[in-house]
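Engineer: One structure, pasted below without further comment.
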Amino acid sequence: MHESRLVAQLIGRVEAEVDPVETRVTHLALRIGALSALASAALRDGVEEHAVLAWGYAPNIEVERSDVIDDPGGLGVTLVSIQVEG
């Protein structure tokens, strides 16, 4: 899957914000840029698989696609929000 590097970077961003082992991540919201060729389902599946391997569980993952062509993140994926338990 060509998204594997991107998925690893997203998981790294989450881990920079919270410790997913100590604080359970319940929800991740992601936005795919309008100019990106990434498939929503492939991204969701990749993040879920990587989270299970890294943390032992997968949070709920919401993926939306931007329609803003001139968005600075238009070619990639933005981590919109992280929700944690409690």
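Letters A, B, ... go to the chains of the structure tokens in the order shown; residues in each chain start at 1; ligands are counted from 1 in the same order.
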From chain A, collect each residue whose DSSP state is alpha helix (DSSP H) and return the set as a PyMOL selection string.

Structural biologist: chain A and resi 4-17+40-55

Engineer: I need the residues from that last selection saved to file as a PDB file, in the first residue's frame (with N, CA and C atoms), if you can.

Structural biologist:
```pdb
ATOM      1  N   SER A   4       1.400   3.676   3.224  1.00  0.00           N
ATOM      2  CA  SER A   4       1.997   3.222   4.478  1.00  0.00           C
ATOM      3  C   SER A   4       2.885   4.277   5.138  1.00  0.00           C
ATOM      4  N   ARG A   5       3.656   5.006   4.352  1.00  0.00           N
ATOM      5  CA  ARG A   5       4.494   6.062   4.934  1.00  0.00           C
ATOM      6  C   ARG A   5       3.623   7.180   5.514  1.00  0.00           C
ATOM      7  N   LEU A   6       2.612   7.559   4.787  1.00  0.00           N
ATOM      8  CA  LEU A   6       1.685   8.581   5.251  1.00  0.00           C
ATOM      9  C   LEU A   6       0.984   8.143   6.531  1.00  0.00           C
ATOM     10  N   VAL A   7       0.551   6.894   6.565  1.00  0.00           N
ATOM     11  CA  VAL A   7      -0.126   6.348   7.748  1.00  0.00           C
ATOM     12  C   VAL A   7       0.816   6.382   8.944  1.00  0.00           C
ATOM     13  N   ALA A   8       2.059   5.983   8.748  1.00  0.00           N
ATOM     14  CA  ALA A   8       3.039   6.009   9.835  1.00  0.00           C
ATOM     15  C   ALA A   8       3.244   7.436  10.343  1.00  0.00           C
ATOM     16  N   GLN A   9       3.259   8.410   9.433  1.00  0.00           N
ATOM     17  CA  GLN A   9       3.399   9.808   9.834  1.00  0.00           C
ATOM     18  C   GLN A   9       2.186  10.277  10.642  1.00  0.00           C
ATOM     19  N   LEU A  10       0.981   9.871  10.223  1.00  0.00           N
ATOM     20  CA  LEU A  10      -0.226  10.248  10.964  1.00  0.00           C
ATOM     21  C   LEU A  10      -0.210   9.656  12.378  1.00  0.00           C
ATOM     22  N   ILE A  11       0.162   8.392  12.479  1.00  0.00           N
ATOM     23  CA  ILE A  11       0.244   7.749  13.788  1.00  0.00           C
ATOM     24  C   ILE A  11       1.293   8.471  14.647  1.00  0.00           C
ATOM     25  N   GLY A  12       2.399   8.859  14.038  1.00  0.00           N
ATOM     26  CA  GLY A  12       3.425   9.620  14.750  1.00  0.00           C
ATOM     27  C   GLY A  12       2.918  10.958  15.252  1.00  0.00           C
ATOM     28  N   ARG A  13       2.093  11.626  14.456  1.00  0.00           N
ATOM     29  CA  ARG A  13       1.507  12.907  14.894  1.00  0.00           C
ATOM     30  C   ARG A  13       0.587  12.711  16.088  1.00  0.00           C
ATOM     31  N   VAL A  14      -0.203  11.640  16.048  1.00  0.00           N
ATOM     32  CA  VAL A  14      -1.083  11.350  17.182  1.00  0.00           C
ATOM     33  C   VAL A  14      -0.240  11.095  18.424  1.00  0.00           C
ATOM     34  N   GLU A  15       0.808  10.286  18.279  1.00  0.00           N
ATOM     35  CA  GLU A  15       1.660   9.951  19.419  1.00  0.00           C
ATOM     36  C   GLU A  15       2.420  11.162  19.947  1.00  0.00           C
ATOM     37  N   ALA A  16       2.649  12.174  19.122  1.00  0.00           N
ATOM     38  CA  ALA A  16       3.282  13.410  19.580  1.00  0.00           C
ATOM     39  C   ALA A  16       2.330  14.234  20.447  1.00  0.00           C
ATOM     40  N   GLU A  17       1.032  14.061  20.232  1.00  0.00           N
ATOM     41  CA  GLU A  17       0.016  14.800  20.983  1.00  0.00           C
ATOM     42  C   GLU A  17      -0.415  14.091  22.269  1.00  0.00           C
ATOM     43  N   SER A  40     -10.307   7.101   0.454  1.00  0.00           N
ATOM     44  CA  SER A  40     -10.733   7.196   1.849  1.00  0.00           C
ATOM     45  C   SER A  40     -10.693   5.848   2.561  1.00  0.00           C
ATOM     46  N   ALA A  41     -11.215   4.814   1.924  1.00  0.00           N
ATOM     47  CA  ALA A  41     -11.268   3.488   2.555  1.00  0.00           C
ATOM     48  C   ALA A  41      -9.873   2.935   2.798  1.00  0.00           C
ATOM     49  N   ALA A  42      -8.971   3.121   1.848  1.00  0.00           N
ATOM     50  CA  ALA A  42      -7.599   2.626   2.010  1.00  0.00           C
ATOM     51  C   ALA A  42      -6.889   3.346   3.146  1.00  0.00           C
ATOM     52  N   LEU A  43      -7.092   4.657   3.241  1.00  0.00           N
ATOM     53  CA  LEU A  43      -6.490   5.427   4.331  1.00  0.00           C
ATOM     54  C   LEU A  43      -7.045   4.964   5.672  1.00  0.00           C
ATOM     55  N   ARG A  44      -8.359   4.848   5.764  1.00  0.00           N
ATOM     56  CA  ARG A  44      -9.004   4.407   7.006  1.00  0.00           C
ATOM     57  C   ARG A  44      -8.490   3.027   7.425  1.00  0.00           C
ATOM     58  N   ASP A  45      -8.455   2.109   6.483  1.00  0.00           N
ATOM     59  CA  ASP A  45      -7.982   0.755   6.784  1.00  0.00           C
ATOM     60  C   ASP A  45      -6.519   0.761   7.226  1.00  0.00           C
ATOM     61  N   GLY A  46      -5.700   1.544   6.555  1.00  0.00           N
ATOM     62  CA  GLY A  46      -4.284   1.614   6.909  1.00  0.00           C
ATOM     63  C   GLY A  46      -4.050   2.179   8.297  1.00  0.00           C
ATOM     64  N   VAL A  47      -4.768   3.252   8.636  1.00  0.00           N
ATOM     65  CA  VAL A  47      -4.630   3.847   9.966  1.00  0.00           C
ATOM     66  C   VAL A  47      -5.120   2.862  11.022  1.00  0.00           C
ATOM     67  N   GLU A  48      -6.226   2.209  10.745  1.00  0.00           N
ATOM     68  CA  GLU A  48      -6.761   1.226  11.689  1.00  0.00           C
ATOM     69  C   GLU A  48      -5.756   0.096  11.932  1.00  0.00           C
ATOM     70  N   GLU A  49      -5.213  -0.466  10.876  1.00  0.00           N
ATOM     71  CA  GLU A  49      -4.239  -1.557  11.006  1.00  0.00           C
ATOM     72  C   GLU A  49      -2.990  -1.110  11.761  1.00  0.00           C
ATOM     73  N   HIS A  50      -2.486   0.052  11.430  1.00  0.00           N
ATOM     74  CA  HIS A  50      -1.276   0.556  12.084  1.00  0.00           C
ATOM     75  C   HIS A  50      -1.538   0.840  13.565  1.00  0.00           C
ATOM     76  N   ALA A  51      -2.708   1.393  13.879  1.00  0.00           N
ATOM     77  CA  ALA A  51      -3.046   1.669  15.272  1.00  0.00           C
ATOM     78  C   ALA A  51      -3.114   0.373  16.080  1.00  0.00           C
ATOM     79  N   VAL A  52      -3.722  -0.651  15.523  1.00  0.00           N
ATOM     80  CA  VAL A  52      -3.806  -1.936  16.229  1.00  0.00           C
ATOM     81  C   VAL A  52      -2.403  -2.485  16.492  1.00  0.00           C
ATOM     82  N   LEU A  53      -1.529  -2.406  15.510  1.00  0.00           N
ATOM     83  CA  LEU A  53      -0.163  -2.892  15.694  1.00  0.00           C
ATOM     84  C   LEU A  53       0.603  -2.068  16.722  1.00  0.00           C
ATOM     85  N   ALA A  54       0.418  -0.754  16.685  1.00  0.00           N
ATOM     86  CA  ALA A  54       1.169   0.137  17.575  1.00  0.00           C
ATOM     87  C   ALA A  54       0.579   0.231  18.976  1.00  0.00           C
ATOM     88  N   TRP A  55      -0.749   0.251  19.075  1.00  0.00           N
ATOM     89  CA  TRP A  55      -1.402   0.536  20.353  1.00  0.00           C
ATOM     90  C   TRP A  55      -2.193  -0.638  20.926  1.00  0.00           C
TER      91      TRP A  55
END
```

Engineer: Let's see if you can do this: from backbone DSSP, list all strand (DSSP E) residues in chain A, as a PyMOL selection string.

Structural biologist: chain A and resi 25-32+60-65+77-84

Engineer: I need the chosen residues saved as an mmCIF file, in the first residue's frame, with N, CA, C and O atoms.

Structural biologist:
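Saved as selection22.cif:
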```cif
data_model
loop_
_atom_site.group_PDB
_atom_site.id
_atom_site.type_symbol
_atom_site.label_atom_id
_atom_site.label_comp_id
_atom_site.auth_asym_id
_atom_site.auth_seq_id
_atom_site.Cartn_x
_atom_site.Cartn_y
_atom_site.Cartn_z
ATOM 1 N N VAL A 25 -7.181 6.620 22.732
ATOM 2 C CA VAL A 25 -7.681 7.451 21.644
ATOM 3 C C VAL A 25 -8.976 6.806 21.155
ATOM 4 O O VAL A 25 -8.982 5.640 20.770
ATOM 5 N N THR A 26 -10.073 7.550 21.193
ATOM 6 C CA THR A 26 -11.361 6.990 20.801
ATOM 7 C C THR A 26 -11.777 7.368 19.388
ATOM 8 O O THR A 26 -12.568 6.659 18.770
ATOM 9 N N HIS A 27 -11.242 8.481 18.865
ATOM 10 C CA HIS A 27 -11.690 8.969 17.560
ATOM 11 C C HIS A 27 -10.591 9.798 16.910
ATOM 12 O O HIS A 27 -9.977 10.646 17.566
ATOM 13 N N LEU A 28 -10.362 9.557 15.634
ATOM 14 C CA LEU A 28 -9.472 10.389 14.826
ATOM 15 C C LEU A 28 -10.273 10.925 13.651
ATOM 16 O O LEU A 28 -10.986 10.172 12.984
ATOM 17 N N ALA A 29 -10.147 12.213 13.394
ATOM 18 C CA ALA A 29 -10.770 12.816 12.213
ATOM 19 C C ALA A 29 -9.654 13.234 11.262
ATOM 20 O O ALA A 29 -8.720 13.942 11.656
ATOM 21 N N LEU A 30 -9.749 12.777 10.032
ATOM 22 C CA LEU A 30 -8.750 13.054 9.008
ATOM 23 C C LEU A 30 -9.415 13.715 7.802
ATOM 24 O O LEU A 30 -10.575 13.447 7.507
ATOM 25 N N ARG A 31 -8.642 14.570 7.110
ATOM 26 C CA ARG A 31 -9.161 15.200 5.896
ATOM 27 C C ARG A 31 -8.168 14.964 4.759
ATOM 28 O O ARG A 31 -6.991 15.316 4.870
ATOM 29 N N ILE A 32 -8.652 14.367 3.685
ATOM 30 C CA ILE A 32 -7.836 14.155 2.494
ATOM 31 C C ILE A 32 -7.947 15.392 1.613
ATOM 32 O O ILE A 32 -9.045 15.876 1.345
ATOM 33 N N ASN A 60 -12.133 4.891 16.446
ATOM 34 C CA ASN A 60 -13.054 5.202 15.358
ATOM 35 C C ASN A 60 -12.331 6.204 14.451
ATOM 36 O O ASN A 60 -11.733 7.155 14.939
ATOM 37 N N ILE A 61 -12.369 5.983 13.167
ATOM 38 C CA ILE A 61 -11.640 6.841 12.226
ATOM 39 C C ILE A 61 -12.619 7.431 11.225
ATOM 40 O O ILE A 61 -13.317 6.710 10.523
ATOM 41 N N GLU A 62 -12.656 8.743 11.198
ATOM 42 C CA GLU A 62 -13.530 9.481 10.273
ATOM 43 C C GLU A 62 -12.646 10.119 9.204
ATOM 44 O O GLU A 62 -11.671 10.798 9.532
ATOM 45 N N VAL A 63 -12.976 9.874 7.955
ATOM 46 C CA VAL A 63 -12.200 10.446 6.848
ATOM 47 C C VAL A 63 -13.144 11.259 5.969
ATOM 48 O O VAL A 63 -14.171 10.761 5.519
ATOM 49 N N GLU A 64 -12.788 12.515 5.758
ATOM 50 C CA GLU A 64 -13.553 13.359 4.837
ATOM 51 C C GLU A 64 -12.618 13.827 3.739
ATOM 52 O O GLU A 64 -11.400 13.807 3.903
ATOM 53 N N ARG A 65 -13.175 14.212 2.631
ATOM 54 C CA ARG A 65 -12.374 14.716 1.507
ATOM 55 C C ARG A 65 -12.684 16.203 1.334
ATOM 56 O O ARG A 65 -13.838 16.615 1.256
ATOM 57 N N VAL A 77 -2.812 14.635 3.636
ATOM 58 C CA VAL A 77 -3.846 14.341 4.628
ATOM 59 C C VAL A 77 -3.591 15.209 5.852
ATOM 60 O O VAL A 77 -2.455 15.344 6.301
ATOM 61 N N THR A 78 -4.657 15.779 6.393
ATOM 62 C CA THR A 78 -4.576 16.600 7.592
ATOM 63 C C THR A 78 -5.203 15.846 8.756
ATOM 64 O O THR A 78 -6.298 15.285 8.612
ATOM 65 N N LEU A 79 -4.520 15.843 9.895
ATOM 66 C CA LEU A 79 -5.092 15.311 11.125
ATOM 67 C C LEU A 79 -5.931 16.439 11.718
ATOM 68 O O LEU A 79 -5.408 17.441 12.191
ATOM 69 N N VAL A 80 -7.247 16.307 11.623
ATOM 70 C CA VAL A 80 -8.168 17.367 12.017
ATOM 71 C C VAL A 80 -8.362 17.380 13.537
ATOM 72 O O VAL A 80 -8.306 18.431 14.169
ATOM 73 N N SER A 81 -8.610 16.200 14.118
ATOM 74 C CA SER A 81 -8.820 16.153 15.558
ATOM 75 C C SER A 81 -8.538 14.775 16.128
ATOM 76 O O SER A 81 -8.581 13.769 15.414
ATOM 77 N N ILE A 82 -8.258 14.773 17.421
ATOM 78 C CA ILE A 82 -8.023 13.568 18.194
ATOM 79 C C ILE A 82 -8.947 13.639 19.395
ATOM 80 O O ILE A 82 -8.951 14.644 20.114
ATOM 81 N N GLN A 83 -9.742 12.589 19.599
ATOM 82 C CA GLN A 83 -10.565 12.522 20.805
ATOM 83 C C GLN A 83 -10.038 11.379 21.665
ATOM 84 O O GLN A 83 -9.682 10.327 21.145
ATOM 85 N N VAL A 84 -9.997 11.628 22.966
ATOM 86 C CA VAL A 84 -9.513 10.621 23.889
ATOM 87 C C VAL A 84 -10.590 10.292 24.907
ATOM 88 O O VAL A 84 -11.535 11.065 25.113
#
```

Engineer: Could you check which of A:Val21, A:Ala34, A:Leu75, A:Ile69 is closest to Tyr57 in chain A, using only C-alpha atoms?

Structural biologist: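 Of A:Val21, A:Ala34, A:Leu75, A:Ile69, the one nearest Tyr57 in chain A, counting only C-alpha atoms, is A:Val21.
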
Engineer: Looking at A:Glu3, A:Asp70, A:Gly56, A:Asp19, which one is nearest to Leu38 in chain A, with distances taken over only C-alpha atoms?

Structural biologist: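 Of A:Glu3, A:Asp70, A:Gly56, A:Asp19, the one nearest Leu38 in chain A, counting only C-alpha atoms, is A:Glu3.
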